[in-house]
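Inspection log for the structure reproduced underneath, given as structure tokens.
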Amino acid sequence: MLQTMWGWQPALYLFLGGMGAGAFIMAAVLLLIDQTRHRLIVCVSMWAALASLAAGLLLLLSELVQPARGLLMWQSFSHFTSWMTYGAWGAFAAMAVFAASALLATRPVDVRLAKKWAWFEKRGMALRRALAVVGIALAAFVAVYTGMLLMAAENVPLWNTPLLPVLFSVSAFDTGVALVELVAVLASKKDPLAPKARTLMERIVVVLVLLEGVVMAAFLASMLGGDAQTAIGATAASSASLLVSGGLAVCFWGMVVACGLALPLVMAVAGLVLHGRAKKKPGAGQHGSGVLMAIGAAGALVGGCELRFLILAAGVHADVVAETVRGLIG
Amino acid sequence: MRQTTDVSRRALVKGALALGASAVIVGGVTAPRRALASGESPAVDGANADVQYGFLVYASKCVNCEKCVAACRQGNGLSDDTPDRRRITVVSNDKGGELSVSTSCMHCAQPSCERVCPAGAISKGSHGIVSVDTDRCIGCKYCYQACPYDVPRYNTVAMDKCDCCLGAGVAPGETPYCVSACIFNALKYGPLEELKEQEPDAVVIASINDPSCLVRG
């Protein structure tokens, strides 16, 4: 039995929202560490982050029974005991900051503003850096929120754990870095990635993949170890079994673990090794490392997307009514 | 090179501060989660307006005839695209014993659906009845995910669930259609405390959210 009430739109939103948030964080970090380089990569990544989050929110809207009513945000997201309310406003604020950052990262806009506005010519970069910092905070909130939304479902044991927001947040950053890596590979002729930034991103990938692996293992172990005597424990175990050995196992091991974790890890480590050699022999392995980065990033995106679909599909309710009746007949 | 490294350190510290700030936001958000619900005063339109009403289900009397399900559909005029508001759970044991119970919304004391509804479309009103304002509901289906008893369902208009036949014109506290339809007396409706006194051996259907539904074996 699978969860079908929330279909592909919310699953894709959880992926796109997380990826957009992660991509903005990575692009903002690139801007903050070196404002003289990576102009094109930062610009395209910020627009991609905005597009990703916006597409995700549109998908959510399309899933509503009353999409038009959903647009009346002040009415439809006015109940502040719901995570969805905070998520909607958080995503809205994040989109505003992402849009402002992306606009200012666009060269013609930047040049025009600097020409017309003396203050901007002087303080433009400070403004962009401030927006990057605010954007990082909002993006982190959006990434955490995608997990908190599911965690609030008290009787869906696969979701009702603090490990889920942790898993989704790490995966969000992981997929976000992957998106920026893809942008960097595509823009490598016009705006080559500085060796320091490349190494930083590859190291981030290694750390995040290892962290995601640990969180995923803890998450699955806690579910599989659920008390089979209770409806909640038994459902937790059956949901996790669906992923690791049941009907969803091929997708889980193939797409999430092999494609989404192992492949990016191997590619990032191979990239770091290539750089180590390139330092000794300047110019060697530059093209090769771009290919490795693109393959790893594509794998991470496939895995991150599939993770949201699988977690949603396996998130079934524990049947506590049947449990009570079972207790009556012994 | 040295200078670039310094800048990046400072930038990373800023990034860390930003992440910390977001954690504070997250922390602040979790705090008020359970603040409402109990504080909302129901409309007073009768002596028992503040008394929690609920259902008592006799598992030994239920024969799974589904008359309650049909009466609920008919009495509430549910459209064809609206799923049933009542469901029969049939449980069997190893010795061949079988029990059926007919359940619907549990009208919980602290309803998860009310808490997670972003639009504030769900409220707990007179006689503890939990109902949905279909003019406000956006149909996000979050209440289904949050409900421990997976009660909320959806039609092309909004969320739909048992409201003790309030929407069908049955006054709060009066007998809903499902109870009237049960010829085996397997369903009872009334003030929850009275039902408990009548059947001290009945158990609350589950522990999550303090539901207003008792089951007697």
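Each chain in the structure tokens gets a letter, A, B, ..., in the order shown, and its residues are numbered from 1; ligands are numbered from 1 in order too.
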Original post:
Given a cut-off of 8 Å, which residues of chain A touch chain B, counting only C-alpha atoms, written out as a ChimeraX atom specification?
Top reply: /A:5-6,29,32-34,63-67,69-70,75-86,133-134,136-138,140-141,152-156,317-322,324-326,328-330
Please, which residues of segment 129-184 of chain B, numbered as in this document, come out alpha helix (DSSP H) from DSSP, as a PDB file with all heavy atoms, in the first residue's frame?
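As written to disk, result06.pdb reads:
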```pdb
ATOM      1  N   TYR B 142      -3.491  18.758   3.403  1.00  0.00           N
ATOM      2  CA  TYR B 142      -2.568  18.636   4.538  1.00  0.00           C
ATOM      3  C   TYR B 142      -3.309  18.035   5.732  1.00  0.00           C
ATOM      4  O   TYR B 142      -2.727  17.314   6.534  1.00  0.00           O
ATOM      5  CB  TYR B 142      -2.003  20.016   4.872  1.00  0.00           C
ATOM      6  CG  TYR B 142      -0.738  20.014   5.712  1.00  0.00           C
ATOM      7  CD1 TYR B 142       0.081  18.902   5.813  1.00  0.00           C
ATOM      8  CD2 TYR B 142      -0.345  21.170   6.392  1.00  0.00           C
ATOM      9  CE1 TYR B 142       1.243  18.933   6.566  1.00  0.00           C
ATOM     10  CE2 TYR B 142       0.819  21.212   7.136  1.00  0.00           C
ATOM     11  CZ  TYR B 142       1.606  20.083   7.234  1.00  0.00           C
ATOM     12  OH  TYR B 142       2.758  20.115   7.977  1.00  0.00           O
ATOM     13  N   CYS B 143      -4.626  18.334   5.839  1.00  0.00           N
ATOM     14  CA  CYS B 143      -5.392  17.804   6.970  1.00  0.00           C
ATOM     15  C   CYS B 143      -5.498  16.282   6.890  1.00  0.00           C
ATOM     16  O   CYS B 143      -5.493  15.604   7.913  1.00  0.00           O
ATOM     17  CB  CYS B 143      -6.766  18.450   7.069  1.00  0.00           C
ATOM     18  SG  CYS B 143      -7.702  18.469   5.547  1.00  0.00           S
ATOM     19  N   TYR B 144      -5.556  15.749   5.669  1.00  0.00           N
ATOM     20  CA  TYR B 144      -5.574  14.278   5.532  1.00  0.00           C
ATOM     21  C   TYR B 144      -4.275  13.696   6.089  1.00  0.00           C
ATOM     22  O   TYR B 144      -4.288  12.720   6.833  1.00  0.00           O
ATOM     23  CB  TYR B 144      -5.745  13.870   4.060  1.00  0.00           C
ATOM     24  CG  TYR B 144      -5.414  12.416   3.840  1.00  0.00           C
ATOM     25  CD1 TYR B 144      -6.355  11.420   4.102  1.00  0.00           C
ATOM     26  CD2 TYR B 144      -4.141  12.017   3.428  1.00  0.00           C
ATOM     27  CE1 TYR B 144      -6.038  10.073   3.949  1.00  0.00           C
ATOM     28  CE2 TYR B 144      -3.819  10.678   3.271  1.00  0.00           C
ATOM     29  CZ  TYR B 144      -4.763   9.719   3.538  1.00  0.00           C
ATOM     30  OH  TYR B 144      -4.443   8.391   3.397  1.00  0.00           O
ATOM     31  N   GLN B 145      -3.162  14.299   5.700  1.00  0.00           N
ATOM     32  CA  GLN B 145      -1.868  13.766   6.140  1.00  0.00           C
ATOM     33  C   GLN B 145      -1.705  13.881   7.644  1.00  0.00           C
ATOM     34  O   GLN B 145      -1.111  13.007   8.278  1.00  0.00           O
ATOM     35  CB  GLN B 145      -0.714  14.513   5.443  1.00  0.00           C
ATOM     36  CG  GLN B 145      -0.766  14.538   3.918  1.00  0.00           C
ATOM     37  CD  GLN B 145      -0.568  13.159   3.284  1.00  0.00           C
ATOM     38  OE1 GLN B 145      -0.456  12.146   3.970  1.00  0.00           O
ATOM     39  NE2 GLN B 145      -0.553  13.110   1.967  1.00  0.00           N
ATOM     40  N   ALA B 146      -2.240  14.968   8.228  1.00  0.00           N
ATOM     41  CA  ALA B 146      -2.033  15.200   9.659  1.00  0.00           C
ATOM     42  C   ALA B 146      -3.014  14.432  10.524  1.00  0.00           C
ATOM     43  O   ALA B 146      -2.719  14.154  11.687  1.00  0.00           O
ATOM     44  CB  ALA B 146      -2.152  16.696   9.955  1.00  0.00           C
ATOM     45  N   TYR B 177     -27.634  11.031  11.167  1.00  0.00           N
ATOM     46  CA  TYR B 177     -28.305  10.037  10.308  1.00  0.00           C
ATOM     47  C   TYR B 177     -27.738   8.628  10.485  1.00  0.00           C
ATOM     48  O   TYR B 177     -28.472   7.650  10.470  1.00  0.00           O
ATOM     49  CB  TYR B 177     -28.204  10.454   8.838  1.00  0.00           C
ATOM     50  CG  TYR B 177     -29.077  11.644   8.515  1.00  0.00           C
ATOM     51  CD1 TYR B 177     -28.534  12.888   8.234  1.00  0.00           C
ATOM     52  CD2 TYR B 177     -30.472  11.514   8.501  1.00  0.00           C
ATOM     53  CE1 TYR B 177     -29.347  13.989   7.951  1.00  0.00           C
ATOM     54  CE2 TYR B 177     -31.293  12.604   8.212  1.00  0.00           C
ATOM     55  CZ  TYR B 177     -30.726  13.838   7.942  1.00  0.00           C
ATOM     56  OH  TYR B 177     -31.527  14.914   7.661  1.00  0.00           O
ATOM     57  N   CYS B 178     -26.422   8.502  10.625  1.00  0.00           N
ATOM     58  CA  CYS B 178     -25.807   7.175  10.716  1.00  0.00           C
ATOM     59  C   CYS B 178     -26.329   6.413  11.932  1.00  0.00           C
ATOM     60  O   CYS B 178     -26.628   5.219  11.855  1.00  0.00           O
ATOM     61  CB  CYS B 178     -24.292   7.302  10.787  1.00  0.00           C
ATOM     62  SG  CYS B 178     -23.708   8.390  12.102  1.00  0.00           S
ATOM     63  N   VAL B 179     -26.449   7.121  13.056  1.00  0.00           N
ATOM     64  CA  VAL B 179     -26.896   6.477  14.303  1.00  0.00           C
ATOM     65  C   VAL B 179     -28.360   6.060  14.167  1.00  0.00           C
ATOM     66  O   VAL B 179     -28.735   4.939  14.549  1.00  0.00           O
ATOM     67  CB  VAL B 179     -26.684   7.425  15.507  1.00  0.00           C
ATOM     68  CG1 VAL B 179     -27.207   6.804  16.786  1.00  0.00           C
ATOM     69  CG2 VAL B 179     -25.210   7.776  15.653  1.00  0.00           C
ATOM     70  N   SER B 180     -29.191   6.947  13.598  1.00  0.00           N
ATOM     71  CA  SER B 180     -30.611   6.621  13.413  1.00  0.00           C
ATOM     72  C   SER B 180     -30.777   5.408  12.502  1.00  0.00           C
ATOM     73  O   SER B 180     -31.716   4.625  12.662  1.00  0.00           O
ATOM     74  CB  SER B 180     -31.353   7.793  12.777  1.00  0.00           C
ATOM     75  OG  SER B 180     -31.148   8.951  13.521  1.00  0.00           O
ATOM     76  N   ALA B 181     -29.870   5.261  11.546  1.00  0.00           N
ATOM     77  CA  ALA B 181     -30.025   4.201  10.540  1.00  0.00           C
ATOM     78  C   ALA B 181     -29.611   2.826  11.054  1.00  0.00           C
ATOM     79  O   ALA B 181     -29.954   1.809  10.457  1.00  0.00           O
ATOM     80  CB  ALA B 181     -29.203   4.548   9.307  1.00  0.00           C
TER      81      ALA B 181
END
```
Subject >> Among the residues B:Asp84, B:Asp201, B:Asp50, B:Asp210, the one that comes closest to Lys161 of chain B [using only C-alpha atoms] >> reply: B:Asp84
Subject >> Selected residue, from A:Val269, A:Arg107, A:Met26, A:Met148, that lies nearest to Leu210 of chain A when counting only C-alpha atoms >> reply: A:Val269
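Compared by their closest atoms to Ala270 of chain A, and using only C-alpha atoms, the residues A:Gly254, A:Gly290, A:Pro165, A:Gly246 rank with A:Gly290 nearest.
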Original post:
Rounded to one decimal in Å, what is the spacing between atom CA of Ala143 of chain A and atom CA of Phe168 of chain A?
Top reply: 7.0 Å
Would you kindly return, as a PDB file with C-alpha atoms, in the first residue's frame, each protein, DNA or RNA residue with an atom no farther than 8 Å from any atom of Trp8 of chain A, considering only C-alpha atoms and excluding same-chain residues fewer than 3 positions away?
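Saved the output as result39.pdb:
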```pdb
ATOM      1  CA  ALA A  11       6.859  15.373  -4.521  1.00  0.00           C
ATOM      2  CA  LEU A  12       8.366  17.468  -7.289  1.00  0.00           C
ATOM      3  CA  PHE A 309       8.980  10.699  -4.576  1.00  0.00           C
TER       4      PHE A 309
END
```
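Atom CA of Cys164 of chain B lies 14.3 Å from atom CA of Val51 of chain B.
Proximity to Leu164 of chain A was assessed for A:Ala51, A:Leu307, A:Leu2, A:Leu261 counting only C-alpha atoms; the smallest distance is recorded for A:Leu307.
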Original post:
Quick one: distance from atom CA of Ser126 of chain B to atom CA of Pro83 of chain B in Å, one decimal?
Top reply: 25.2 Å
